[in-house]
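**Student:** Following this line is model_36.cif, made up of mmCIF, C-alpha atoms:
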```cif
data_entry
#
loop_
_atom_site.label_atom_id
_atom_site.label_comp_id
_atom_site.auth_asym_id
_atom_site.auth_seq_id
_atom_site.Cartn_x
_atom_site.Cartn_y
_atom_site.Cartn_z
CA MET S 154 82.55 20.84 0.43
CA PHE S 155 79.21 22.48 -0.41
CA TYR S 156 80.46 23.12 -3.95
CA ALA S 157 80.95 19.37 -4.47
CA LEU S 158 77.59 18.67 -2.82
CA PHE S 159 75.77 21.02 -5.19
CA GLU S 160 77.50 19.36 -8.13
CA TYR S 161 75.88 16.14 -6.93
CA PHE S 162 72.51 17.95 -6.71
CA ASN S 163 73.08 19.10 -10.27
CA ASP S 164 73.04 15.51 -11.43
CA LEU S 165 69.75 15.01 -9.59
CA ASN S 166 68.28 18.22 -11.04
CA PHE S 167 67.65 19.42 -7.47
CA PRO S 168 65.99 22.90 -7.19
CA GLY S 169 68.61 25.62 -6.81
CA HIS S 170 71.42 23.37 -7.97
CA ASN S 171 72.70 26.04 -10.37
CA LEU S 172 73.45 28.55 -7.61
CA MET S 173 76.97 27.27 -7.06
CA SER S 174 77.81 27.80 -10.72
CA TYR S 175 77.55 31.58 -10.25
CA ILE S 176 80.81 33.13 -9.13
CA THR S 177 79.01 36.21 -7.82
CA PHE S 178 76.73 34.11 -5.62
CA ARG S 179 79.57 32.12 -4.08
CA ALA S 180 81.65 35.29 -3.67
CA GLY S 181 78.78 36.93 -1.78
CA VAL S 182 78.43 33.88 0.45
CA THR S 183 82.15 33.66 1.25
CA PHE S 184 82.33 37.39 1.99
CA SER S 185 79.34 37.20 4.33
CA LEU S 186 80.56 34.05 6.06
CA ALA S 187 84.08 35.43 6.54
CA LEU S 188 82.71 38.68 7.93
CA LEU S 189 80.31 36.93 10.31
CA PHE S 190 82.94 34.46 11.47
CA THR S 191 85.48 37.16 12.35
CA LEU S 192 82.84 39.30 14.07
CA ILE S 193 81.32 36.45 16.09
CA PHE S 194 84.39 34.39 16.93
CA GLY S 195 86.93 37.20 16.92
CA GLN S 196 86.10 38.22 20.49
CA ALA S 197 86.43 34.64 21.72
CA ILE S 198 89.84 34.30 20.07
CA ILE S 199 90.96 37.59 21.60
CA ARG S 200 89.92 36.43 25.07
CA ARG S 201 91.81 33.18 24.52
CA LEU S 202 94.95 35.11 23.54
CA GLN S 203 94.56 37.22 26.67
CA LYS S 204 94.31 34.13 28.88
CA MET S 205 97.45 32.75 27.26
CA GLN S 206 99.10 36.13 27.99
CA ILE S 207 100.15 36.55 24.38
CA GLY S 208 100.63 40.29 24.56
CA GLU S 209 102.56 42.76 22.42
CA VAL S 210 106.12 43.51 23.53
CA VAL S 211 106.64 47.26 22.99
CA ARG S 212 109.91 49.17 22.86
CA ASN S 213 109.76 52.79 23.97
CA LEU S 214 110.46 54.77 20.81
CA GLY S 215 109.00 58.02 22.08
CA LEU S 216 105.78 57.83 20.06
CA GLU S 217 102.51 59.18 21.41
CA GLY S 218 100.34 56.46 22.95
CA GLN S 219 102.89 53.78 22.15
CA MET S 220 103.45 52.37 25.63
CA SER S 221 99.70 52.09 26.25
CA LYS S 222 99.67 49.31 23.63
CA ALA S 223 101.93 47.06 25.69
CA GLY S 224 100.19 43.81 26.56
CA THR S 225 97.53 44.11 23.84
CA PRO S 226 96.88 40.58 22.47
CA THR S 227 98.83 39.83 19.31
CA MET S 228 98.80 36.93 16.82
CA GLY S 229 95.33 38.12 15.81
CA GLY S 230 96.23 37.10 12.27
CA ILE S 231 94.77 33.73 13.30
CA ILE S 232 91.34 35.40 13.08
CA ILE S 233 92.00 36.54 9.52
CA ILE S 234 93.42 33.20 8.37
CA ALA S 235 90.51 31.23 9.85
CA GLY S 236 88.05 33.72 8.36
CA ILE S 237 89.55 33.08 4.91
CA LEU S 238 90.02 29.32 5.05
CA LEU S 239 86.61 28.32 6.42
CA PRO S 240 84.43 29.93 3.69
CA CYS S 241 86.81 28.86 0.92
CA LEU S 242 86.86 25.25 2.10
CA LEU S 243 83.07 25.23 2.28
CA PHE S 244 82.16 27.07 -0.92
CA GLY S 245 85.31 27.07 -3.04
CA ASN S 246 86.05 24.74 -5.92
CA LEU S 247 88.86 22.76 -4.33
CA SER S 248 89.78 21.13 -7.62
CA ASN S 249 90.64 24.51 -9.16
CA ILE S 250 94.42 25.06 -9.34
CA TYR S 251 94.09 28.77 -8.59
CA MET S 252 92.07 28.18 -5.44
CA ILE S 253 94.54 25.49 -4.36
CA LEU S 254 97.51 27.82 -4.76
CA MET S 255 95.80 30.61 -2.82
CA LEU S 256 94.96 28.27 0.05
CA VAL S 257 98.53 26.93 0.08
CA ALA S 258 99.90 30.49 0.12
CA THR S 259 97.63 31.37 3.05
CA VAL S 260 98.70 28.40 5.16
CA TRP S 261 102.37 28.68 4.11
CA MET S 262 102.80 32.34 5.04
CA GLY S 263 100.56 31.94 8.09
CA ALA S 264 102.90 29.23 9.40
CA ILE S 265 105.96 31.45 8.94
CA GLY S 266 104.26 34.37 10.68
CA PHE S 267 103.03 32.12 13.48
CA LEU S 268 106.55 30.82 14.15
CA ASP S 269 107.81 34.40 14.24
CA ASP S 270 105.16 35.49 16.75
CA TYR S 271 105.59 32.32 18.80
CA ARG S 272 109.30 33.00 19.28
CA LYS S 273 108.55 36.57 20.35
CA PHE S 274 106.02 35.30 22.87
CA LYS S 275 108.24 32.48 24.12
CA TYR S 276 111.37 34.59 24.61
CA HIS S 277 109.56 37.87 25.49
CA ASN S 278 111.37 40.03 22.92
CA LYS S 279 110.82 41.62 19.51
CA ASP S 280 113.40 39.54 17.62
CA GLY S 281 111.23 36.59 16.64
CA LEU S 282 112.25 34.37 13.75
CA GLN S 283 115.61 35.24 12.19
CA GLY S 284 115.34 37.21 8.97
CA LYS S 285 117.09 34.55 6.90
CA TYR S 286 114.43 32.00 7.82
CA LYS S 287 111.61 34.39 6.90
CA VAL S 288 113.22 35.11 3.53
CA THR S 289 113.79 31.40 2.95
CA GLY S 290 110.09 30.76 3.52
CA GLN S 291 109.09 33.62 1.22
CA VAL S 292 111.48 32.44 -1.50
CA GLY S 293 110.12 28.92 -1.10
CA LEU S 294 106.56 30.10 -1.68
CA GLY S 295 107.61 32.16 -4.69
CA LEU S 296 109.44 29.17 -6.13
CA LEU S 297 106.41 26.93 -5.58
CA VAL S 298 104.01 29.36 -7.24
CA GLY S 299 106.35 30.18 -10.13
CA LEU S 300 107.15 26.55 -10.94
CA THR S 301 103.48 25.54 -10.67
CA MET S 302 102.48 28.26 -13.14
CA TRP S 303 105.22 27.03 -15.46
CA LEU S 304 104.59 23.30 -15.24
CA SER S 305 100.87 22.93 -14.50
CA PRO S 306 98.75 22.26 -17.62
CA ASP S 307 95.78 23.88 -15.86
CA ILE S 308 97.35 27.35 -15.84
CA VAL S 309 97.04 28.88 -19.30
CA MET S 310 96.02 32.18 -20.85
CA SER S 311 94.30 33.35 -24.03
CA GLU S 312 95.76 36.13 -26.10
CA ASN S 313 93.63 39.03 -27.26
CA PHE S 314 94.16 40.62 -30.67
CA GLU S 315 92.52 43.11 -33.01
CA VAL S 316 90.62 42.12 -36.14
CA GLU S 317 88.93 44.36 -38.67
CA ASN S 318 85.18 44.07 -39.13
CA ILE S 319 84.76 44.07 -42.89
CA GLN S 320 81.18 45.34 -42.76
CA THR S 321 81.73 48.29 -40.39
CA HIS S 322 85.45 48.82 -41.14
CA THR S 323 86.17 49.03 -37.42
CA LEU S 324 88.66 47.18 -35.24
CA GLU S 325 87.28 44.66 -32.77
CA ILE S 326 89.01 42.86 -29.92
CA VAL S 327 88.87 39.08 -30.18
CA VAL S 328 90.05 36.54 -27.62
CA ALA S 329 91.83 33.56 -29.11
CA LYS S 330 89.82 30.33 -28.92
CA ASP S 331 92.87 28.23 -28.06
CA SER S 332 94.59 28.81 -24.72
CA ILE S 333 98.37 28.76 -24.60
CA LYS S 334 101.12 28.21 -22.05
CA SER S 335 103.04 31.47 -21.89
CA PRO S 336 104.78 33.63 -19.25
CA GLN S 337 102.86 36.73 -20.24
CA THR S 338 101.79 39.47 -17.89
CA THR S 339 99.97 42.79 -17.94
CA ILE S 340 101.78 46.10 -18.19
CA PRO S 341 100.36 49.62 -18.49
CA PHE S 342 100.93 52.24 -21.20
CA VAL S 343 101.13 49.81 -24.15
CA LYS S 344 98.55 49.01 -26.80
CA ASN S 345 97.80 45.38 -25.99
CA HIS S 346 98.86 45.54 -22.32
CA ASN S 347 100.78 42.27 -22.60
CA PHE S 348 104.45 41.60 -21.95
CA ASN S 349 106.09 38.22 -22.52
CA TYR S 350 109.10 37.35 -20.37
CA GLU S 351 110.37 35.23 -23.24
CA TRP S 352 111.11 38.45 -25.12
CA LEU S 353 113.98 39.02 -22.71
CA THR S 354 115.64 35.83 -23.92
CA SER S 355 114.59 35.96 -27.57
CA TRP S 356 118.17 36.78 -28.61
CA ILE S 357 119.11 33.13 -27.97
CA ASP S 358 119.09 31.10 -31.21
CA ASN S 359 117.76 27.90 -29.65
CA THR S 360 114.01 28.40 -29.34
CA HIS S 361 113.51 25.80 -26.60
CA THR S 362 116.35 27.25 -24.53
CA ALA S 363 114.99 30.78 -24.98
CA GLU S 364 111.53 29.69 -23.80
CA THR S 365 112.96 27.87 -20.79
CA LEU S 366 115.08 30.85 -19.76
CA GLY S 367 112.04 33.12 -20.23
CA TRP S 368 110.11 31.01 -17.74
CA LEU S 369 113.09 31.05 -15.35
CA VAL S 370 113.08 34.85 -15.49
CA PHE S 371 109.37 34.76 -14.69
CA VAL S 372 109.98 32.47 -11.68
CA LEU S 373 112.68 34.85 -10.44
CA VAL S 374 110.27 37.79 -10.71
CA VAL S 375 107.65 35.80 -8.77
CA ILE S 376 110.14 35.17 -5.95
CA ILE S 377 111.08 38.86 -5.79
CA VAL S 378 107.44 40.02 -5.78
CA VAL S 379 106.38 37.58 -3.04
CA THR S 380 109.34 38.51 -0.83
CA ALA S 381 109.01 42.27 -1.35
CA VAL S 382 105.24 42.52 -0.85
CA SER S 383 105.25 40.20 2.16
CA ASN S 384 108.01 42.20 3.87
CA GLY S 385 106.33 45.47 2.92
CA ALA S 386 103.05 44.42 4.53
CA ASN S 387 104.99 43.29 7.60
CA LEU S 388 106.61 46.72 7.96
CA THR S 389 103.30 48.51 7.35
CA ASP S 390 101.75 46.77 10.37
CA GLY S 391 102.71 49.43 12.90
CA LEU S 392 99.53 51.43 13.49
CA ASP S 393 96.02 50.34 14.44
CA GLY S 394 94.15 49.32 11.29
CA LEU S 395 96.85 50.46 8.88
CA CYS S 396 97.90 47.15 7.35
CA ALA S 397 94.42 45.59 7.45
CA GLY S 398 92.73 48.58 5.83
CA THR S 399 95.41 49.05 3.18
CA SER S 400 95.34 45.33 2.34
CA ALA S 401 91.55 45.39 2.01
CA ILE S 402 91.77 48.23 -0.53
CA ILE S 403 94.38 46.35 -2.55
CA GLY S 404 92.35 43.16 -2.25
CA ILE S 405 89.23 44.82 -3.66
CA SER S 406 91.24 46.12 -6.63
CA LEU S 407 92.73 42.71 -7.35
CA MET S 408 89.32 41.05 -7.01
CA VAL S 409 87.87 43.35 -9.68
CA MET S 410 90.83 42.66 -11.97
CA GLY S 411 90.49 38.94 -11.35
CA TYR S 412 86.77 38.98 -12.12
CA LEU S 413 87.26 40.86 -15.39
CA GLY S 414 90.21 38.73 -16.48
CA GLY S 415 88.36 35.51 -15.70
CA ASN S 416 85.32 36.46 -17.80
CA ILE S 417 85.79 36.01 -21.54
CA ILE S 418 83.13 38.62 -22.40
CA TYR S 419 84.54 41.38 -20.18
CA SER S 420 88.15 40.59 -21.06
CA SER S 421 87.32 40.85 -24.75
CA TYR S 422 85.33 44.06 -24.30
CA LEU S 423 88.03 45.71 -22.19
CA ASN S 424 90.93 44.31 -24.23
CA ILE S 425 92.60 42.58 -21.30
CA MET S 426 94.16 39.13 -20.91
CA TYR S 427 91.71 36.26 -20.48
CA ILE S 428 92.80 33.61 -17.96
CA PRO S 429 90.52 30.55 -17.99
CA GLY S 430 89.71 29.23 -14.53
CA SER S 431 91.02 32.29 -12.69
CA GLU S 432 87.46 33.47 -11.93
CA GLU S 433 87.52 31.08 -8.96
CA MET S 434 89.90 33.46 -7.21
CA VAL S 435 87.07 35.98 -6.92
CA VAL S 436 85.51 33.59 -4.39
CA TYR S 437 88.78 33.58 -2.45
CA ALA S 438 89.17 37.37 -2.69
CA ALA S 439 85.67 37.90 -1.30
CA ALA S 440 86.52 35.79 1.76
CA PHE S 441 89.80 37.68 2.11
CA ILE S 442 88.06 41.06 2.11
CA GLY S 443 85.30 39.87 4.45
CA ALA S 444 87.87 38.58 6.95
CA LEU S 445 89.79 41.87 6.87
CA VAL S 446 86.66 43.98 7.36
CA GLY S 447 85.64 41.80 10.31
CA PHE S 448 89.14 41.99 11.78
CA LEU S 449 89.09 45.78 11.51
CA TRP S 450 86.14 45.75 13.91
CA TYR S 451 88.64 44.81 16.63
CA ASN S 452 91.82 46.25 15.12
CA ALA S 453 90.64 49.82 14.50
CA PHE S 454 91.97 52.48 16.89
CA PRO S 455 92.25 51.80 19.77
CA ALA S 456 93.06 48.21 18.80
CA GLN S 457 91.78 45.33 20.92
CA VAL S 458 94.11 42.95 19.08
CA PHE S 459 97.10 43.14 16.77
CA MET S 460 97.50 40.86 13.77
CA GLY S 461 101.20 40.27 14.46
CA ASP S 462 103.46 38.70 11.88
CA THR S 463 100.94 35.85 11.69
CA GLY S 464 98.68 38.30 9.90
CA SER S 465 100.98 40.81 8.19
CA LEU S 466 103.30 38.31 6.51
CA THR S 467 100.25 36.31 5.40
CA LEU S 468 98.47 39.34 3.95
CA GLY S 469 101.52 40.38 1.93
CA GLY S 470 102.02 36.87 0.62
CA ILE S 471 98.35 36.52 -0.34
CA LEU S 472 98.28 39.81 -2.24
CA ALA S 473 101.52 39.01 -4.06
CA VAL S 474 100.43 35.50 -5.12
CA PHE S 475 96.97 36.73 -6.15
CA ALA S 476 98.47 39.46 -8.37
CA ILE S 477 100.88 36.96 -9.92
CA LEU S 478 98.17 34.40 -10.69
CA ILE S 479 96.03 36.97 -12.52
CA ARG S 480 99.17 38.20 -14.34
CA LYS S 481 99.18 41.65 -12.76
CA GLU S 482 102.47 41.44 -10.84
CA LEU S 483 104.04 44.36 -12.75
CA LEU S 484 101.19 46.61 -11.57
CA ILE S 485 102.13 45.87 -7.94
CA PRO S 486 104.67 48.75 -7.61
CA LEU S 487 101.83 51.23 -8.13
CA LEU S 488 98.98 49.36 -6.47
CA CYS S 489 101.08 48.39 -3.43
CA MET S 490 103.19 51.53 -3.39
CA ILE S 491 102.53 52.06 0.34
CA PHE S 492 104.14 48.69 1.08
CA PHE S 493 107.12 49.46 -1.14
CA LEU S 494 107.63 52.93 0.36
CA GLU S 495 107.68 51.33 3.80
CA ASP S 496 110.31 48.86 2.54
CA LEU S 497 112.30 51.57 0.80
CA SER S 498 112.28 53.94 3.77
CA VAL S 499 113.94 51.31 5.98
CA MET S 500 116.59 50.45 3.37
CA LEU S 501 117.39 54.12 2.70
CA GLN S 502 117.56 54.93 6.41
CA VAL S 503 119.95 52.09 7.20
CA GLY S 504 122.11 52.73 4.15
CA TYR S 505 122.36 56.49 4.72
CA PHE S 506 123.12 56.03 8.43
CA LYS S 507 125.98 53.62 7.70
CA PHE S 508 127.36 55.84 4.93
CA THR S 509 127.36 59.02 7.03
CA LYS S 510 128.83 57.20 10.01
CA ARG S 511 131.80 56.06 7.93
CA ARG S 512 132.24 59.49 6.36
CA TYR S 513 131.54 61.85 9.27
CA GLY S 514 132.06 59.58 12.26
CA GLN S 515 128.43 60.04 13.29
CA GLY S 516 125.39 58.50 11.67
CA ARG S 517 122.69 60.75 10.20
CA ARG S 518 119.15 59.97 9.12
CA ILE S 519 116.85 60.77 6.23
CA PHE S 520 113.62 60.27 8.19
CA LYS S 521 112.76 60.99 11.80
CA MET S 522 112.00 57.29 12.17
CA THR S 523 111.27 54.29 10.00
CA PRO S 524 109.19 52.53 8.74
CA LEU S 525 107.74 55.54 6.97
CA HIS S 526 104.47 55.77 8.93
CA HIS S 527 106.46 56.43 12.13
CA HIS S 528 108.14 59.41 10.45
CA PHE S 529 104.77 61.15 10.19
CA GLN S 530 103.77 60.06 13.69
CA LYS S 531 106.89 61.25 15.54
CA ASP S 532 107.59 64.79 16.75
CA LEU S 533 110.81 66.34 15.44
CA ASP S 534 113.78 66.37 17.81
CA PRO S 535 115.51 69.75 17.18
CA THR S 536 118.90 68.20 17.95
CA ALA S 537 118.50 65.28 15.55
CA MET S 538 120.41 65.32 12.25
CA VAL S 539 117.52 64.51 9.92
CA LEU S 540 117.21 65.41 6.24
CA TRP S 541 113.39 65.35 6.04
CA LYS S 542 112.10 67.36 8.99
CA LYS S 543 108.41 67.77 8.14
CA PRO S 544 105.95 67.45 9.70
CA VAL S 545 107.43 69.06 12.81
CA ARG S 546 104.51 67.91 14.92
CA GLY S 547 103.49 64.27 14.68
CA ILE S 548 100.11 63.40 13.15
CA PRO S 549 97.68 61.63 15.51
CA GLU S 550 97.44 57.92 14.78
CA PRO S 551 93.75 57.73 13.71
CA LYS S 552 94.17 60.62 11.27
CA LEU S 553 97.41 59.20 9.91
CA VAL S 554 95.85 55.78 9.27
CA THR S 555 92.87 57.36 7.51
CA ARG S 556 95.19 59.38 5.28
CA PHE S 557 97.14 56.27 4.35
CA TRP S 558 93.85 54.58 3.42
CA ILE S 559 92.96 57.54 1.19
CA VAL S 560 96.35 57.32 -0.51
CA GLY S 561 95.76 53.59 -0.99
CA ILE S 562 92.41 54.30 -2.70
CA LEU S 563 94.05 56.88 -4.99
CA LEU S 564 96.77 54.39 -5.93
CA ALA S 565 94.12 51.77 -6.72
CA VAL S 566 92.28 54.22 -8.99
CA LEU S 567 95.54 55.18 -10.73
CA THR S 568 96.32 51.51 -11.30
CA PHE S 569 93.06 51.08 -13.22
CA VAL S 570 93.58 54.35 -15.08
CA THR S 571 97.01 53.26 -16.35
CA LEU S 572 95.35 50.35 -18.15
CA LYS S 573 93.32 52.80 -20.24
CA ILE S 574 96.34 54.95 -21.19
CA ARG S 575 97.75 53.36 -24.33
#
```
Spell out the structure here as structure tokens.
**Tutor:**
Amino acid sequence: MFYALFEYFNDLNFPGHNLMSYITFRAGVTFSLALLFTLIFGQAIIRRLQKMQIGEVVRNLGLEGQMSKAGTPTMGGIIIIAGILLPCLLFGNLSNIYMILMLVATVWMGAIGFLDDYRKFKYHNKDGLQGKYKVTGQVGLGLLVGLTMWLSPDIVMSENFEVENIQTHTLEIVVAKDSIKSPQTTIPFVKNHNFNYEWLTSWIDNTHTAETLGWLVFVLVVIIVVTAVSNGANLTDGLDGLCAGTSAIIGISLMVMGYLGGNIIYSSYLNIMYIPGSEEMVVYAAAFIGALVGFLWYNAFPAQVFMGDTGSLTLGGILAVFAILIRKELLIPLLCMIFFLEDLSVMLQVGYFKFTKRRYGQGRRIFKMTPLHHHFQKDLDPTAMVLWKKPVRGIPEPKLVTRFWIVGILLAVLTFVTLKIR
């Protein structure tokens, strides 16, 4: 809204009309507004949730301090979503395809999470929305994003290549003047950092068919990434501040990557892919981070509110779509490794339990409890048949969350480092 208004001021040569043209200025405004909104209105929303008796339903799993959380207001993801949408609607360029897709992803995943939490509240249990409906919603978002990137003429990229300076006899990185439509992405450990999904189908003689199948492979990868990251964030939301803090760290990393990739000077200097128009996502990312920091004010141990699936599914979907739009989806396994380890721990636990039950007549476990963060939180039962027994004594929740944040920071640093190893 204000972005369009300042464009009108630009025509009138109004003082300060150029402010909105600076990404850094609008990013600072959206961060500040998101932070202030969540801090000021967060308490009012929490009180409203309390009056509506929307409290957390807790199963007794034998974890320290677990039962004391029963009745704590949930669905606090509403605070995060509102804190993101309001600044972006006011100061974002709503004609930019990247901003549009991020706002759609926020509302889309927020609606799925809200339905899940609503069913838990309505029926007073932990089941919520059936898994097949969640996955259908996640696949739908992945399909929407993937097809839009394929078909929209506004989503293009510029290749970077080396040229020799004849005078200095040195190699310089140059960004192509003409943007192209290509399913390319960024990968670490290679010279130019770029990987084209069409290479996977280049063995097909018909060029048009090979290109089409390359894009279809890309869309499939988008669906997998959105589903995996969203579910991983959902599983990570089990301790006070864990999912919000981890998501903020990942969000900061993606914002930096988005800023560099959306600036032709920096992308040329750093030899990374230039994506015209993607710099607008920095404005979105700033609001995202501001909303999470404000939410942590109330969600840090001991939590006054939980984000619920309204928040966790939304956060995972946002991070996945953001990484895909800036062509960094293949860096997600490292950057979002905490989410994937949470996912993997559950799959391994269930698979191993079923296998051992068929073979020995009694199910055994790899971890003391899953998702993974509960393994470190739970004391070891001497009678339990568990492969990984350490730590014997559970780690207190505040310390465990802080350690996960530190691991998240290390993973973010390693993600940037891999881009310099060629």
**Student:** So which residues get picked by the PyMOL selection byres ((chain S and resi 172-189) around 6) here, written as number ranges by chain?
**Tutor:** S: 169-171, 190-193, 236, 240, 436, 439-440, 443-444, 447
**Student:** Write out as a PyMOL selection string which residues come within 12 Å of S:Ile333 when counting only C-alpha atoms, dropping same-chain ones fewer than 5 positions away.
**Tutor:** chain S and resi 303+305-313+328+426-429
**Student:** Show me as a ChimeraX atom specification the residues that reach within 12 Å of (90.2, 46.2, 12.7), counting only C-alpha atoms and using the file's own coordinates.
**Tutor:** /S:188,191-192,195-196,229-230,232-233,390,392-401,442-460,464,554
**Student:** Under the PyMOL selection byres ((chain S and resi 266) around 9), which residues of this model are included? Write them out as a ChimeraX atom specification.
**Tutor:** /S:228,230,261-265,267-271,282,287,461-467
**Student:** In Å, how far is it from atom CA of S:Pro544 to atom CA of S:His527?
**Tutor:**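 If I compute the distance from atom CA of S:Pro544 to atom CA of S:His527, I get 11.3 Å.
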**Student:** Rounded to one decimal in Å, what is the spacing between atom CA of S:Thr568 and atom CA of S:Phe441?
**Tutor:**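 Atom CA of S:Phe441 lies 20.3 Å from atom CA of S:Thr568.
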**Student:** Quick check, in Å to one decimal: how far apart do atom CA of S:Phe492 and atom CA of S:Gly385 lie?
**Tutor:**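 Taking atom CA of S:Phe492 as the start and atom CA of S:Gly385 as the end point, the length is 4.3 Å.
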**Student:** Find, counting all atoms listed in the file, the residue in S:Phe194, S:Asn424, S:Trp558, S:Leu388 that gets nearest to S:Val343.
**Tutor:** S:Asn424
**Student:** Give me the box for stretch 398-414 of chain S as lines of an AutoDock Vina configuration file, namely the centre and edge lengths in Å to one decimal of a box along x, y and z that holds every listed atom plus 8 Å on each side.
**Tutor:**
```
center_x = 91.1
center_y = 43.9
center_z = -5.3
size_x = 24.6
size_y = 26.3
size_z = 38.3
```
**Student:** With distances taken over all atoms listed in the file, which residue among S:Leu572, S:Met434, S:Ala223, S:Leu553 lies nearest S:Leu247?
**Tutor:**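 Nearest to S:Leu247: S:Met434.
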**Student:** Near S:Arg518, counting all atoms listed in the file, which residues have an atom at most 12 Å away, once you skip same-chain residues fewer than 4 positions from it, shown as a short mmCIF file (atom, residue, chain, number, x, y, z; two decimals) with C-alpha atoms, in the coordinates of the input?
**Tutor:**
```
data_model
loop_
_atom_site.label_atom_id
_atom_site.label_comp_id
_atom_site.auth_asym_id
_atom_site.auth_seq_id
_atom_site.Cartn_x
_atom_site.Cartn_y
_atom_site.Cartn_z
CA SER S 498 112.28 53.94 3.77
CA VAL S 499 113.94 51.31 5.98
CA MET S 500 116.59 50.45 3.37
CA LEU S 501 117.39 54.12 2.70
CA GLN S 502 117.56 54.93 6.41
CA VAL S 503 119.95 52.09 7.20
CA GLY S 504 122.11 52.73 4.15
CA TYR S 505 122.36 56.49 4.72
CA PHE S 506 123.12 56.03 8.43
CA LYS S 507 125.98 53.62 7.70
CA PHE S 508 127.36 55.84 4.93
CA THR S 509 127.36 59.02 7.03
CA LYS S 510 128.83 57.20 10.01
CA MET S 522 112.00 57.29 12.17
CA THR S 523 111.27 54.29 10.00
CA HIS S 528 108.14 59.41 10.45
CA ALA S 537 118.50 65.28 15.55
CA MET S 538 120.41 65.32 12.25
CA VAL S 539 117.52 64.51 9.92
CA LEU S 540 117.21 65.41 6.24
CA TRP S 541 113.39 65.35 6.04
CA LYS S 542 112.10 67.36 8.99
#
```
**Student:** Rank S:Met252, S:Leu563, S:Ile471, S:Ile491 by their smallest atom-to-atom distance to S:Gln291, using all atoms listed in the file, and report the top residue only.
**Tutor:**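 Of S:Met252, S:Leu563, S:Ile471, S:Ile491, the one nearest S:Gln291 is S:Ile471, counting all atoms listed in the file.
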